[in-house]
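Q: Structure incoming, see below.
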Amino acid sequence: MPTPPENRERSPYTGWTRAHWESAADRLLLAVRPFASPRYGLVDLPGPRPSWSGARSDGLEGWARTFLLAALRVAGARGEDPYGHLDRYAEGLAAGPAGGLAGAALGVGSGAGTGKGTRTGTRTGTGTGTRTGTGTDLGPDAWPLTTDTRQAIVEAASVALGLRLTRPWLWDRLDDRVREQVVEWLRPALGPSPVDNNWWLFGLTVAGFLQDAGVETDLAAATIDRSLARIEDWYLGDGWYSDGDNRAFDHYNAWALHFYPVLHAHLAGDRELLDRYGPRLRLHLEAYGHLFDTNGSPLPYGRSLIYRFAAAAAPWLGTLTGHTPLTPGATRRLASGTLRHFLDRGATDADGLLTLGWHGPYAPLVQEYSGPGSPYWASKGFLGLLLPADHPAWTDREEALPAERADTARPLGPTGLLVQTTAADGLVRLHNHGSNHVHSGPGAEDDPGYARGAYSTRTGPTTGSAPADNHFALIVDGKATTRGPATPAGTSPTVPYGPGAGTSATDTPGSAPAWAASRHTPRPGVRVLSATLVHGPAEVRAHLVTGAPEGTPVRQTGWATTPGGPHARLQPVHGYDPEHTAAELPTGETLQGPDSRTLALHGVTTGPATLFVALASLTAGPDPDPAAALADVRVTGHVLDVTWRDGAVTRLDLDGLAPDASTEPGA
């Protein structure tokens with residue numbers, strides 16, 4: 001396939017047009033064809049190991065997620081399908097559900113629930129894939145049932161959404177018997193979700209398709225109402241949901257918790273639902289647009305990062321439904337920058353298959369639920385193809401991203417997160433004072449995707465046995481303590497005060513200083529109140545430790561940078577050993593590349609309450625200033641007075657953030 005020519009007149013930032021998106025979709029779809037089962041019921045991609053759901057479930061996952069991409073590609077072209085994508089998936093719809101249902105009728109299990117499936121992938125000149133498994137063989141095309149294999153419920157949502165998008169060109173042309181079998185296979189997904197988080201929206205998505213198709217309409221309506229009622233419990237305001245009964249704030253807000261309800265309302269033409277959920281999406285995008293680097297990278301934070309450019313789904317959805325603060329040109333610049341960022345940096349292998357990783361393969365990013373087909377949830381990022389070719393999102397000139405228009409320091413609603421961007425280098429940093437993974441509990445190992453004090457689009461996080469980056473720890477018996485769950489203690493943009501407060505803090509939206517704070521309990525009886533103050537490229541990191549025995553060693557680490565990456569600075573201000581500069585720790589490979597290095601400061605507690613303060617920075621420009629040149633920090637008791645380089649002044653009294661002991665986690 002020839003590569004479309006760049007258009008730097010219409011797309012000065014990325015060069016890409018709609019033709020590049022269509023070409024990318026076709027390339028991804030053509031690449032998986034050699035790995036399909038005989039009747040295209042499964043797409044069984046090669047990989048290092050099967051997911052915990054087993055090899056047959058992984059084959060369904062590869063089918064369903066690439067089918068969603070095919071559906072977006074063909075629906076966006078109003079049924080034009082020059083490569084015959086839908087013909088193959090139509091054959092799979094005839095073979096997959098029928099095989100699984102026939103096995104159930106004979107009392108044959110899918111074999112997917114044993115977790116013992118193995119996978120081998122063979123590449124020849126034409127590319128072939130083979131699958132082996134320990135379960136009873138149902139035939140090479142049969143789908144596992146949603147009643148037997150929990151993961152199949154996730155894939156049912158992609159199947160249903162793809163059918164809904166392509167209904168005139170696929171569903172309406174299927175034989176009645178095939179449609180009956182597909183409905184029978186989908187129907188169990190209308191029950192209550194087996195996982196109490198964003199999974200509720202998979203049933204909603206199946207219900208939306210069946211409702212449109214005039215099948216099981218009463219049951220579908222009940223499923224939609226029940227699913228929306230459940231996620232309502234997790235909406236905390238300002239466009240942010242928690243992904244379940246925990247404080248997990250991540251990309252699942254954009255590619256699931258907003259994506260499914262808003263898209264369902266749009267496809268159903270349900271104005272009441274769209275009026276409820278559309279404004280929430282708009283609020284979310286006001287902050288979310290700041291989480292993309294000028295190099296196109298979304299922020300690598302949270303779980304399931306192998307979905308990569310699915311991060312562009314929510315901005316496209318906002319434009320599709322009219323609920324976005326982004327202009328059409330900025331939306332395309334964000335989305336095209338994200339897709340190109342990954343495709344230009346090795347997200348696909350030599351055969352054109354998406355790998356399990358970030359740029360290239362990276363094993364620490366792979367969750368146990370991830371199989372070789374999992375990265376194709378990235379298909380959601382192609383949602384913009386549903387916009388007609390003459391829509392302003394495709395025809396307007398690209399515009400700058402928020403990260404390259406002005407410096408920004410802003411809390412993200414109720415999340416405890418604080419975003420910091422600098423226009424000079426386009427870097428995005430996220431300081432974490434309140435987002436926790438569902439599995440983070442007292443004594444549990446920290447999840448690198450959630451428990452770091454800060455994340456950026458061009459660094460870390462470190463993983464495995466390497467010292468944790470951006471982490472404050474007590475050193476007990478030679479080992480650094482984990483963070484564990486953190487409770488937000490406040491986030492706020494600050495108001496400059498006093499003589500010398502510069503007007504720059506108020507003239508440019510988003511450029512004023514901001515701060516966030518949280519509390520956590522690294523060990524029983526020990527509490528740490530942490531605060532981060534940011535302005536421009538400067539960061540002030542403060543930790544008030546109470547309850548630790550006098551003489552307890554502590555360590556503050558900074559950013560994990562790789563060769564050729566940005567420059568990190570870390571300087572002691574108060575409490576750390578004043579005689580020594582930051583030590584450099586080797587911290588191994590990160591998703592940014594090998595040979596990362598991380599700066600670290602050391603100190604010891606000196607009484608029942610000890611305050612540690614450091615200055616940090618992360619910059620990508622040449623000859624970066626030392627951290628001390630970016631701000632002057634004065635410490636009086638537990639009060640921080642910071643004079644920033646532009647003259648703005650910030651005061652933060654940590655004692656004013658101290659909680660009642662009964663509210664402290666682990667108390």
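So you can find residues: chains in the structure tokens are A, B, ... in the order shown, residues in each start at 1, and ligands are numbered from 1 in order.
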Name all residues at most 8 Å from Val604 of chain A (count only C-alpha atoms; drop same-chain ones fewer than 2 positions away) and give them as JSON, numbers by chain.

A: {"A": [550, 551, 552, 553, 554, 575, 576, 602, 606]}

Q: Pick out each residue of segment 175-262 of chain A that DSSP on the backbone tags as strand (DSSP E); I need them as a list in words.

A: Tyr235, Leu236, Gly237, Trp240 and Tyr241 of chain A

Q: Selection from above, N, CA, C and O atoms, as an mmCIF file, in the first residue's frame, can you write it?

A:
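As a result, result.cif now contains:
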```cif
data_model
loop_
_atom_site.group_PDB
_atom_site.id
_atom_site.type_symbol
_atom_site.label_atom_id
_atom_site.label_comp_id
_atom_site.auth_asym_id
_atom_site.auth_seq_id
_atom_site.Cartn_x
_atom_site.Cartn_y
_atom_site.Cartn_z
ATOM 1 N N TYR A 235 -19.337 8.798 39.698
ATOM 2 C CA TYR A 235 -19.084 10.118 39.128
ATOM 3 C C TYR A 235 -18.877 11.120 40.261
ATOM 4 O O TYR A 235 -19.759 11.346 41.089
ATOM 5 N N LEU A 236 -17.690 11.718 40.301
ATOM 6 C CA LEU A 236 -17.308 12.600 41.402
ATOM 7 C C LEU A 236 -17.312 14.070 41.018
ATOM 8 O O LEU A 236 -16.978 14.919 41.840
ATOM 9 N N GLY A 237 -17.679 14.360 39.783
ATOM 10 C CA GLY A 237 -17.764 15.753 39.366
ATOM 11 C C GLY A 237 -16.611 16.200 38.494
ATOM 12 O O GLY A 237 -15.581 15.524 38.367
ATOM 13 N N TRP A 240 -14.946 13.655 35.994
ATOM 14 C CA TRP A 240 -14.117 12.534 36.421
ATOM 15 C C TRP A 240 -14.939 11.461 37.127
ATOM 16 O O TRP A 240 -15.697 11.739 38.049
ATOM 17 N N TYR A 241 -14.730 10.226 36.681
ATOM 18 C CA TYR A 241 -15.249 9.037 37.342
ATOM 19 C C TYR A 241 -14.101 8.296 38.017
ATOM 20 O O TYR A 241 -12.967 8.284 37.525
#
```

Q: I'd like the neighbourhood of segment 343-351 of chain A as JSON, numbers by chain, where a residue qualifies if any of its atoms comes within 12 Å (using only C-alpha atoms), though same-chain residues fewer than 3 positions away should be ignored.

A: {"A": [14, 20, 21, 24, 25, 27, 28, 29, 30, 31, 32, 33, 34, 35, 45, 46, 47, 122, 123, 124, 125, 126, 127, 128, 295, 296, 297, 305, 306, 307, 308, 309, 336, 337, 338, 339, 340, 354, 355, 356, 357, 358, 359, 360, 361, 362, 375, 376, 378, 591, 592, 593]}

Q: Could you write those residues out with C-alpha atoms, as a compact mmCIF listing (two decimals), in the first residue's frame?

A:
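Final file, out_36.txt:
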```txt
# COMPACT_ATOMS: atom_id res chain seq x y z
CA THR A 14 1.69 16.20 11.87
CA HIS A 20 -3.46 8.59 6.49
CA TRP A 21 -6.00 7.37 9.03
CA ALA A 24 -3.35 3.07 8.83
CA ALA A 25 -6.62 1.25 9.53
CA ARG A 27 -2.69 -1.73 7.12
CA LEU A 28 -3.57 -2.90 10.63
CA LEU A 29 -6.49 -4.97 9.33
CA LEU A 30 -4.58 -6.55 6.46
CA ALA A 31 -1.73 -7.47 8.82
CA VAL A 32 -3.92 -9.70 11.01
CA ARG A 33 -5.49 -11.68 8.16
CA PRO A 34 -2.83 -14.41 8.04
CA PHE A 35 -3.59 -15.21 11.69
CA LEU A 45 -2.14 -13.59 17.02
CA PRO A 46 1.34 -14.72 18.07
CA GLY A 47 2.63 -13.54 21.41
CA THR A 122 4.68 -19.16 13.28
CA ARG A 123 5.80 -16.60 10.73
CA THR A 124 6.52 -17.73 7.17
CA GLY A 125 6.86 -15.75 4.00
CA THR A 126 3.10 -15.25 3.94
CA GLY A 127 2.63 -15.34 7.71
CA THR A 128 0.67 -18.05 9.46
CA ASN A 295 5.38 14.98 20.47
CA GLY A 296 1.99 13.24 20.41
CA SER A 297 2.43 11.04 23.44
CA LEU A 305 -1.34 1.34 28.49
CA ILE A 306 -0.86 -1.14 25.64
CA TYR A 307 -4.09 0.35 24.22
CA ARG A 308 -1.95 3.32 23.19
CA PHE A 309 -3.86 5.55 20.75
CA SER A 336 -3.09 12.48 14.52
CA GLY A 337 -0.15 13.32 16.75
CA THR A 338 -1.00 10.42 19.03
CA LEU A 339 -1.48 7.86 16.27
CA ARG A 340 1.67 8.96 14.49
CA LEU A 354 0.53 -4.18 17.30
CA THR A 355 2.87 -5.34 20.03
CA LEU A 356 2.36 -5.68 23.78
CA GLY A 357 4.06 -2.54 24.97
CA TRP A 358 4.34 1.21 24.54
CA HIS A 359 6.63 2.08 21.67
CA GLY A 360 7.86 -1.45 21.10
CA PRO A 361 7.28 -4.57 23.22
CA TYR A 362 7.63 -3.89 26.94
CA PRO A 375 -3.53 -4.01 22.01
CA TYR A 376 -6.27 -3.77 19.37
CA ALA A 378 -6.50 0.89 20.29
CA LEU A 591 8.87 2.17 28.69
CA GLN A 592 10.96 5.05 27.32
CA GLY A 593 14.01 2.84 26.77
```

Q: Please identify all polymer residues within 8 Å of segment 480-484 of chain A, counting only C-alpha atoms, omitting same-chain residues fewer than 4 positions from it, and present them as a list of chain:residue names.

A: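 So, after excluding close chain neighbours, the residues are A:Ser440, A:Gly441, A:Pro442, A:Gly443, A:Ala444, A:Glu445, A:Asp446, A:Ala451, A:Arg452, A:His471, A:Phe472, A:Ala473, A:Leu474, A:Ile475, A:Val476, A:His520, A:Thr521, A:Pro522, A:Arg523, A:Arg555.
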
Q: Take the residues from that selection and put them in a file with N, CA, C and O atoms, as a PDB file, in the first residue's frame.

A:
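Once written, result-v6.pdb looks like this:
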```pdb
ATOM      1  N   SER A 440      -4.191  -1.669  45.432  1.00  0.00           N
ATOM      2  CA  SER A 440      -3.220  -1.097  46.365  1.00  0.00           C
ATOM      3  C   SER A 440      -3.814  -1.086  47.767  1.00  0.00           C
ATOM      4  O   SER A 440      -4.757  -0.357  48.050  1.00  0.00           O
ATOM      5  N   GLY A 441      -3.287  -1.910  48.632  1.00  0.00           N
ATOM      6  CA  GLY A 441      -3.752  -1.970  50.009  1.00  0.00           C
ATOM      7  C   GLY A 441      -2.576  -1.947  50.957  1.00  0.00           C
ATOM      8  O   GLY A 441      -1.418  -2.045  50.539  1.00  0.00           O
ATOM      9  N   PRO A 442      -2.827  -1.801  52.258  1.00  0.00           N
ATOM     10  CA  PRO A 442      -1.728  -1.788  53.230  1.00  0.00           C
ATOM     11  C   PRO A 442      -0.870  -3.040  53.099  1.00  0.00           C
ATOM     12  O   PRO A 442      -1.376  -4.166  53.075  1.00  0.00           O
ATOM     13  N   GLY A 443       0.413  -2.846  52.987  1.00  0.00           N
ATOM     14  CA  GLY A 443       1.336  -3.971  52.888  1.00  0.00           C
ATOM     15  C   GLY A 443       1.504  -4.519  51.495  1.00  0.00           C
ATOM     16  O   GLY A 443       2.393  -5.334  51.247  1.00  0.00           O
ATOM     17  N   ALA A 444       0.663  -4.097  50.539  1.00  0.00           N
ATOM     18  CA  ALA A 444       0.767  -4.587  49.169  1.00  0.00           C
ATOM     19  C   ALA A 444       1.880  -3.849  48.433  1.00  0.00           C
ATOM     20  O   ALA A 444       2.226  -2.724  48.766  1.00  0.00           O
ATOM     21  N   GLU A 445       2.442  -4.512  47.439  1.00  0.00           N
ATOM     22  CA  GLU A 445       3.429  -3.843  46.605  1.00  0.00           C
ATOM     23  C   GLU A 445       2.741  -2.754  45.791  1.00  0.00           C
ATOM     24  O   GLU A 445       1.620  -2.915  45.318  1.00  0.00           O
ATOM     25  N   ASP A 446       3.427  -1.646  45.613  1.00  0.00           N
ATOM     26  CA  ASP A 446       2.861  -0.553  44.836  1.00  0.00           C
ATOM     27  C   ASP A 446       2.770  -0.929  43.363  1.00  0.00           C
ATOM     28  O   ASP A 446       3.633  -1.627  42.821  1.00  0.00           O
ATOM     29  N   ALA A 451       1.141   4.365  41.769  1.00  0.00           N
ATOM     30  CA  ALA A 451       1.627   4.762  43.085  1.00  0.00           C
ATOM     31  C   ALA A 451       2.815   5.715  43.066  1.00  0.00           C
ATOM     32  O   ALA A 451       3.296   6.105  44.124  1.00  0.00           O
ATOM     33  N   ARG A 452       3.311   6.080  41.893  1.00  0.00           N
ATOM     34  CA  ARG A 452       4.399   7.045  41.853  1.00  0.00           C
ATOM     35  C   ARG A 452       3.874   8.436  42.212  1.00  0.00           C
ATOM     36  O   ARG A 452       2.719   8.769  41.972  1.00  0.00           O
ATOM     37  N   HIS A 471       9.462   8.977  44.230  1.00  0.00           N
ATOM     38  CA  HIS A 471       8.909   8.276  45.387  1.00  0.00           C
ATOM     39  C   HIS A 471       9.626   8.740  46.649  1.00  0.00           C
ATOM     40  O   HIS A 471      10.856   8.844  46.672  1.00  0.00           O
ATOM     41  N   PHE A 472       8.834   9.020  47.677  1.00  0.00           N
ATOM     42  CA  PHE A 472       9.403   9.326  48.995  1.00  0.00           C
ATOM     43  C   PHE A 472       9.203   8.106  49.877  1.00  0.00           C
ATOM     44  O   PHE A 472       8.087   7.606  50.018  1.00  0.00           O
ATOM     45  N   ALA A 473      10.291   7.636  50.486  1.00  0.00           N
ATOM     46  CA  ALA A 473      10.221   6.401  51.257  1.00  0.00           C
ATOM     47  C   ALA A 473      11.026   6.505  52.536  1.00  0.00           C
ATOM     48  O   ALA A 473      12.029   7.225  52.614  1.00  0.00           O
ATOM     49  N   LEU A 474      10.580   5.779  53.558  1.00  0.00           N
ATOM     50  CA  LEU A 474      11.415   5.480  54.705  1.00  0.00           C
ATOM     51  C   LEU A 474      12.251   4.251  54.342  1.00  0.00           C
ATOM     52  O   LEU A 474      11.780   3.371  53.607  1.00  0.00           O
ATOM     53  N   ILE A 475      13.457   4.198  54.844  1.00  0.00           N
ATOM     54  CA  ILE A 475      14.309   3.031  54.601  1.00  0.00           C
ATOM     55  C   ILE A 475      14.326   2.208  55.884  1.00  0.00           C
ATOM     56  O   ILE A 475      14.885   2.631  56.908  1.00  0.00           O
ATOM     57  N   VAL A 476      13.679   1.054  55.843  1.00  0.00           N
ATOM     58  CA  VAL A 476      13.551   0.191  57.019  1.00  0.00           C
ATOM     59  C   VAL A 476      14.191  -1.151  56.707  1.00  0.00           C
ATOM     60  O   VAL A 476      13.819  -1.808  55.733  1.00  0.00           O
ATOM     61  N   HIS A 520      -0.427   9.597  53.537  1.00  0.00           N
ATOM     62  CA  HIS A 520      -0.388   8.146  53.451  1.00  0.00           C
ATOM     63  C   HIS A 520       0.365   7.586  54.649  1.00  0.00           C
ATOM     64  O   HIS A 520       1.028   8.319  55.397  1.00  0.00           O
ATOM     65  N   THR A 521       0.218   6.291  54.839  1.00  0.00           N
ATOM     66  CA  THR A 521       0.790   5.603  55.999  1.00  0.00           C
ATOM     67  C   THR A 521       1.718   4.509  55.508  1.00  0.00           C
ATOM     68  O   THR A 521       1.266   3.404  55.184  1.00  0.00           O
ATOM     69  N   PRO A 522       3.019   4.769  55.413  1.00  0.00           N
ATOM     70  CA  PRO A 522       3.930   3.744  54.899  1.00  0.00           C
ATOM     71  C   PRO A 522       4.169   2.591  55.869  1.00  0.00           C
ATOM     72  O   PRO A 522       4.504   1.492  55.446  1.00  0.00           O
ATOM     73  N   ARG A 523       3.999   2.876  57.176  1.00  0.00           N
ATOM     74  CA  ARG A 523       4.126   1.835  58.201  1.00  0.00           C
ATOM     75  C   ARG A 523       3.145   2.159  59.328  1.00  0.00           C
ATOM     76  O   ARG A 523       2.771   3.326  59.519  1.00  0.00           O
ATOM     77  N   ARG A 555      14.368   8.589  51.809  1.00  0.00           N
ATOM     78  CA  ARG A 555      14.916   8.810  50.467  1.00  0.00           C
ATOM     79  C   ARG A 555      13.844   9.414  49.563  1.00  0.00           C
ATOM     80  O   ARG A 555      12.711   8.948  49.527  1.00  0.00           O
TER      81      ARG A 555
END
```

Q: With only C-alpha atoms as the counted atoms, please give the residues lying no more than 10 Å from His251 of chain A, apart from itself and same-chain residues fewer than 2 positions off, as a PyMOL selection string.

A: chain A and resi 243+248-249+253-257+288+298-305+307-308+310-311+314

Q: With C-alpha atoms retained, write the just-selected residues as an mmCIF file, in the first residue's frame.

A:
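Full text of part_25.cif as output:
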```cif
data_model
loop_
_atom_site.group_PDB
_atom_site.id
_atom_site.type_symbol
_atom_site.label_atom_id
_atom_site.label_comp_id
_atom_site.auth_asym_id
_atom_site.auth_seq_id
_atom_site.Cartn_x
_atom_site.Cartn_y
_atom_site.Cartn_z
ATOM 1 C CA ASP A 243 -13.180 3.233 37.948
ATOM 2 C CA ALA A 248 -8.587 4.830 40.301
ATOM 3 C CA PHE A 249 -8.451 7.783 37.914
ATOM 4 C CA ASN A 253 -12.262 7.720 32.065
ATOM 5 C CA ALA A 254 -11.673 8.578 28.415
ATOM 6 C CA TRP A 255 -11.763 5.228 26.630
ATOM 7 C CA ALA A 256 -14.542 3.584 28.692
ATOM 8 C CA LEU A 257 -16.458 5.562 31.315
ATOM 9 C CA TYR A 288 -7.779 15.750 29.394
ATOM 10 C CA PRO A 298 -0.448 10.617 25.860
ATOM 11 C CA LEU A 299 0.562 10.435 29.493
ATOM 12 C CA PRO A 300 1.773 6.909 30.387
ATOM 13 C CA TYR A 301 -0.125 6.602 33.638
ATOM 14 C CA GLY A 302 -2.473 3.907 34.950
ATOM 15 C CA ARG A 303 -3.133 0.444 33.558
ATOM 16 C CA SER A 304 -3.795 -1.047 30.117
ATOM 17 C CA LEU A 305 -1.344 1.344 28.492
ATOM 18 C CA TYR A 307 -4.089 0.355 24.223
ATOM 19 C CA ARG A 308 -1.950 3.318 23.191
ATOM 20 C CA ALA A 310 -7.231 4.568 22.204
ATOM 21 C CA ALA A 311 -6.406 7.679 24.254
ATOM 22 C CA ALA A 314 -12.607 10.747 23.821
#
```

Q: Figure out the distance between atom CA of His574 of chain A and atom CA of Val545 of chain A, please, to one decimal in Å.

A: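 Answer for the atom CA of Val545 of chain A to atom CA of His574 of chain A separation: 13.0 Å.
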
Q: Report, in Å to a single decimal, how far apart atom CA of Val366 of chain A and atom CA of Ala71 of chain A are.

A: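 Taking atom CA of Ala71 of chain A and atom CA of Val366 of chain A, their separation equals 26.3 Å.
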
Q: Run DSSP on the backbone and tell me which residues of segment 244-341 of chain A come out as helix (DSSP H, G or I); list them as a PyMOL selection string.

A: chain A and resi 252-257+259-268+271-291+305-321+328-341

Q: Could you pull the residues within 7 Å of Leu386 of chain A, counting only C-alpha atoms, minus those fewer than 5 positions along the same chain, as a list in words?

A: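 Near neighbours after the sequence-gap exclusion: Leu72, Ala75 and Gly76 of chain A.
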
Q: Store the residues picked out above, limited to all heavy atoms, as a PDB file, in the first residue's frame.

A:
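Output contents, as saved in out-v2.pdb:
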```
ATOM      1  N   LEU A  72     -15.379   0.719  12.146  1.00  0.00           N
ATOM      2  CA  LEU A  72     -15.146   2.161  12.088  1.00  0.00           C
ATOM      3  C   LEU A  72     -14.651   2.571  10.703  1.00  0.00           C
ATOM      4  O   LEU A  72     -15.057   3.612  10.165  1.00  0.00           O
ATOM      5  CB  LEU A  72     -14.146   2.571  13.163  1.00  0.00           C
ATOM      6  CG  LEU A  72     -14.656   2.482  14.605  1.00  0.00           C
ATOM      7  CD1 LEU A  72     -13.494   2.579  15.593  1.00  0.00           C
ATOM      8  CD2 LEU A  72     -15.673   3.590  14.886  1.00  0.00           C
ATOM      9  N   ALA A  75     -17.818   1.992   8.226  1.00  0.00           N
ATOM     10  CA  ALA A  75     -18.899   2.932   8.535  1.00  0.00           C
ATOM     11  C   ALA A  75     -18.476   4.356   8.208  1.00  0.00           C
ATOM     12  O   ALA A  75     -19.280   5.165   7.715  1.00  0.00           O
ATOM     13  CB  ALA A  75     -19.294   2.818  10.004  1.00  0.00           C
ATOM     14  N   GLY A  76     -17.214   4.686   8.473  1.00  0.00           N
ATOM     15  CA  GLY A  76     -16.726   6.022   8.153  1.00  0.00           C
ATOM     16  C   GLY A  76     -16.704   6.297   6.664  1.00  0.00           C
ATOM     17  O   GLY A  76     -16.818   7.451   6.234  1.00  0.00           O
TER      18      GLY A  76
END
```

Q: For each of A:Pro513, A:Pro537, A:Gly208, A:Gly490, take the minimum atom-to-atom distance to Asp625 of chain A, counting only C-alpha atoms, then give the residue where this is smallest.

A: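 For Asp625 of chain A, the nearest of the candidates is A:Pro537.
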
Q: I'd like the contact shell of Asn432 of chain A - 10 Å cut-off, only C-alpha atoms, skipping same-chain residues fewer than 6 positions apart - returned as a count of residues only.

A: 19

Q: Using only C-alpha atoms, which of the listed residues (A:Val182, A:Ala213, A:Ala631, A:Leu170) sits closest to Arg88 of chain A?

A: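 Ranking A:Val182, A:Ala213, A:Ala631, A:Leu170 by distance to Arg88 of chain A, first place goes to A:Leu170.
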
Q: Give the answer as one residue: which of A:Pro608, A:Gly565, A:Pro328, A:Pro594 has the shortest atom-to-atom distance to Gly525 of chain A, using only C-alpha atoms?

A: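 Of all the options, A:Pro608 lies closest to Gly525 of chain A.
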
Q: Nearest to Pro140 of chain A: which of A:Asp44, A:Asp407, A:Asp396, A:Glu22 is it, counting only C-alpha atoms?

A: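 Of A:Asp44, A:Asp407, A:Asp396, A:Glu22, the one nearest Pro140 of chain A is A:Asp44, counting only C-alpha atoms.
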